[in-house]
Amino acid sequence: MTPTTPERRSEPSRSGTWDPMVRIGHWLLAAAFVTAWIAGDEYQQVHVLAGYTIAVILLVRFAWGLFGPHNARFSQFVRGPAAVVRYLESLVRGEPEAHRGHNPAGGWMVVLLLVALSVQVGSGMTLYALDEGKGPLAAWLAAETPSDAVADSVAGARGSAGTNEREDDEHEGHDDEEGALEEAVEDIHEFGADLLLLLIALHVAGVLVSSLLHRENFVRGMITGRRSGQ
Ligand code: HEM
């Protein structure tokens with residue numbers, strides 16, 4: 001079983017697979033995710049801080065995917081269905097196509113992970129704003145939503161007075177909408193956590209299986225920047 005690729009034969013690796021930004025970002029991301037998961041509802045401050053850390057890592061990674069070095073760019077590893085099928089066929093034949101960055105199937109798993117993590121962070125921040133009136137989205141949501149519940153939360157969080165009784169009556173209906181919105185966002189956040197666990201399990205399994213099939217240590221690539229054999 002010999003990995004084949006014109007890419008590898010014609011372009012020997014001088015710079016390794018992953019630059020320090022991708023590697024440090026990856027392990028920080030993994031650590032922040034584990035921290036957010038363990039902290040859960042119980043240690044909210046820790047959970048929120050881990051969520052913000054993930055948000056910053058994602059922003060940097062998206063910018064890096066556009067402007068970073070060759071292997072880190074989305075244009076390099078987000079490939080069409082034909083490339084994915086060709087890669088999967090090469091696995092079945094026992095002659096896995098070698099790619100210096102993400103392979104075409106792995107590239108889509110990376111996109112799924114990044115998108116799912118973004119939705120998770122976005123729903124978390126929205127929930128924090130709706131529920132507690134805190135976080136970067138709180139002021140914006142207070143201005144945008146018809147309900148004054150967020151505004152109350154923001155005012156409460158800032159220590160100022162909430163709305164008066166007449167305003168409370170006027171906005172009761174809107175507060176029901178607010179409750180429904182909050183519940184929907186909470187459902188997304190909870191479902192997202194389970195989905196991410198599944199995606200991460202598939203991601204780690206994929207990494208281990210492809211390391212075996214390619215006879216390259218992919219985990220080492222994410223630690224030192226170079227897979228074995230480079
Ligand atoms: C023990 C746990 C983990 C291991 C061993 C691991 C290993 C790896 C490896 C080897 C790669 C590079 C794959 C390749 O060479 O194509 C990678 C990429 C990636 N992993 Fe993990 N991973 C782990 C946990 C996680 C977790 C928890 C997350 C998300 C929270 C995650 C998200 C990602 C992402 C987004 C990439 C793409 C990196 C990039 O292009 O910036 N990984 N991982």
# chains A, B, ... in the order shown; residues from 1 in each chain; ligands from 1
>>> residues_near_ligand(ligand="ligand 1", cutoff="7 Å", atoms="only C-alpha atoms and all ligand atoms", output="ChimeraX atom specification")
/A:22,25-26,29-30,33-34,61,72,101-103,106,110,113-114,200,203-204,207,218-222
>>> closest_atom_pairs(of="range 92-155 of chain A", to="range 184-193 of chain A", cutoff="12 Å", atoms="only C-alpha atoms", output="Markdown table")
| residue | atom | partner | partner_atom | distance |
| --- | --- | --- | --- | --- |
| A:Leu112 | CA | A:Gly192 | CA | 11.8 |
| A:Leu113 | CA | A:Gly192 | CA | 10.8 |
| A:Val115 | CA | A:Gly192 | CA | 10.6 |
| A:Ala116 | CA | A:Gly192 | CA | 7.0 |
| A:Leu117 | CA | A:Gly192 | CA | 8.1 |
| A:Ser118 | CA | A:Gly192 | CA | 10.0 |
| A:Val119 | CA | A:Gly192 | CA | 7.6 |
| A:Gln120 | CA | A:His189 | CA | 5.8 |
| A:Val121 | CA | A:His189 | CA | 8.4 |
| A:Gly122 | CA | A:His189 | CA | 8.8 |
| A:Ser123 | CA | A:His189 | CA | 5.6 |
| A:Gly124 | CA | A:His189 | CA | 6.3 |
| A:Met125 | CA | A:His189 | CA | 9.8 |
| A:Thr126 | CA | A:Val185 | CA | 7.4 |
| A:Leu127 | CA | A:Val185 | CA | 6.4 |
| A:Tyr128 | CA | A:Glu186 | CA | 9.9 |
| A:Ala129 | CA | A:Val185 | CA | 11.0 |
| A:Leu130 | CA | A:Val185 | CA | 9.3 |
| A:Asp131 | CA | A:Glu186 | CA | 9.8 |
>>> residues_around(residues="Pro20 in chain A", least_positions_apart="3", cutoff="12 Å", atoms="only C-alpha atoms", output="NGL selection string")
:A and (15-17 or 23-28 or 61 or 64 or 68-69 or 71-72 or 221-226)
>>> decode(residues="range 128-142 of chain A", atoms="all heavy atoms", output="short mmCIF file (atom, residue, chain, number, x, y, z; two decimals), in the first residue's frame")
data_model
loop_
_atom_site.label_atom_id
_atom_site.label_comp_id
_atom_site.auth_asym_id
_atom_site.auth_seq_id
_atom_site.Cartn_x
_atom_site.Cartn_y
_atom_site.Cartn_z
N TYR A 128 -26.45 33.94 26.38
CA TYR A 128 -25.88 34.72 27.48
C TYR A 128 -26.51 36.12 27.51
O TYR A 128 -26.79 36.66 28.57
CB TYR A 128 -24.37 34.82 27.28
CG TYR A 128 -23.57 35.21 28.50
CD1 TYR A 128 -23.86 34.69 29.76
CD2 TYR A 128 -22.49 36.08 28.39
CE1 TYR A 128 -23.10 35.03 30.87
CE2 TYR A 128 -21.73 36.43 29.49
CZ TYR A 128 -22.03 35.91 30.72
OH TYR A 128 -21.29 36.25 31.82
N ALA A 129 -26.75 36.64 26.31
CA ALA A 129 -27.36 37.98 26.21
C ALA A 129 -28.83 37.92 26.61
O ALA A 129 -29.31 38.75 27.38
CB ALA A 129 -27.21 38.50 24.80
N LEU A 130 -29.58 36.92 26.10
CA LEU A 130 -31.01 36.84 26.38
C LEU A 130 -31.28 36.52 27.85
O LEU A 130 -32.17 37.08 28.47
CB LEU A 130 -31.65 35.74 25.51
CG LEU A 130 -31.75 36.01 24.00
CD1 LEU A 130 -32.19 34.74 23.27
CD2 LEU A 130 -32.72 37.14 23.71
N ASP A 131 -30.46 35.59 28.35
CA ASP A 131 -30.68 35.05 29.68
C ASP A 131 -30.17 35.98 30.78
O ASP A 131 -30.84 36.23 31.77
CB ASP A 131 -29.91 33.72 29.75
CG ASP A 131 -30.62 32.72 30.61
OD1 ASP A 131 -31.81 32.94 30.87
OD2 ASP A 131 -29.98 31.73 31.03
N GLU A 132 -28.94 36.49 30.54
CA GLU A 132 -28.27 37.24 31.61
C GLU A 132 -28.10 38.71 31.27
O GLU A 132 -27.66 39.49 32.11
CB GLU A 132 -26.87 36.65 31.84
CG GLU A 132 -26.82 35.15 32.00
CD GLU A 132 -26.91 34.72 33.45
OE1 GLU A 132 -26.58 35.56 34.30
OE2 GLU A 132 -27.33 33.59 33.70
N GLY A 133 -28.37 39.07 30.02
CA GLY A 133 -28.14 40.45 29.61
C GLY A 133 -26.67 40.79 29.59
O GLY A 133 -26.27 41.95 29.76
N LYS A 134 -25.82 39.78 29.36
CA LYS A 134 -24.37 40.02 29.38
C LYS A 134 -23.73 39.58 28.08
O LYS A 134 -24.34 38.86 27.29
CB LYS A 134 -23.73 39.24 30.54
CG LYS A 134 -24.12 39.74 31.91
CD LYS A 134 -23.39 38.92 32.96
CE LYS A 134 -23.91 39.18 34.35
NZ LYS A 134 -23.47 38.13 35.29
N GLY A 135 -22.49 39.98 27.90
CA GLY A 135 -21.74 39.54 26.71
C GLY A 135 -21.82 40.55 25.59
O GLY A 135 -22.61 41.50 25.63
N PRO A 136 -21.02 40.31 24.54
CA PRO A 136 -20.92 41.28 23.45
C PRO A 136 -22.22 41.48 22.68
O PRO A 136 -22.42 42.52 22.06
CB PRO A 136 -19.84 40.69 22.53
CG PRO A 136 -19.57 39.32 23.01
CD PRO A 136 -20.11 39.16 24.38
N LEU A 137 -23.13 40.50 22.70
CA LEU A 137 -24.37 40.64 21.93
C LEU A 137 -25.50 41.29 22.72
O LEU A 137 -26.56 41.58 22.18
CB LEU A 137 -24.85 39.26 21.43
CG LEU A 137 -23.93 38.51 20.48
CD1 LEU A 137 -24.59 37.23 19.98
CD2 LEU A 137 -23.57 39.38 19.28
N ALA A 138 -25.28 41.50 24.02
CA ALA A 138 -26.38 41.97 24.89
C ALA A 138 -26.92 43.33 24.45
O ALA A 138 -28.12 43.48 24.25
CB ALA A 138 -25.91 42.01 26.34
N ALA A 139 -26.04 44.29 24.25
CA ALA A 139 -26.49 45.64 23.91
C ALA A 139 -27.17 45.62 22.55
O ALA A 139 -28.22 46.24 22.34
CB ALA A 139 -25.31 46.59 23.89
N TRP A 140 -26.59 44.88 21.62
CA TRP A 140 -27.14 44.80 20.27
C TRP A 140 -28.53 44.15 20.29
O TRP A 140 -29.46 44.66 19.68
CB TRP A 140 -26.17 44.01 19.38
CG TRP A 140 -26.67 43.84 17.99
CD1 TRP A 140 -26.70 44.78 17.01
CD2 TRP A 140 -27.25 42.67 17.42
NE1 TRP A 140 -27.24 44.27 15.86
CE2 TRP A 140 -27.59 42.97 16.09
CE3 TRP A 140 -27.51 41.37 17.90
CZ2 TRP A 140 -28.18 42.04 15.24
CZ3 TRP A 140 -28.09 40.45 17.05
CH2 TRP A 140 -28.42 40.79 15.74
N LEU A 141 -28.67 43.05 21.03
CA LEU A 141 -29.98 42.37 21.09
C LEU A 141 -31.02 43.24 21.78
O LEU A 141 -32.18 43.27 21.39
CB LEU A 141 -29.85 41.03 21.83
CG LEU A 141 -29.48 39.83 20.95
CD1 LEU A 141 -29.24 38.61 21.82
CD2 LEU A 141 -30.58 39.53 19.95
N ALA A 142 -30.58 43.97 22.80
CA ALA A 142 -31.52 44.86 23.51
C ALA A 142 -32.07 45.91 22.56
O ALA A 142 -33.23 46.28 22.63
CB ALA A 142 -30.80 45.52 24.68
#
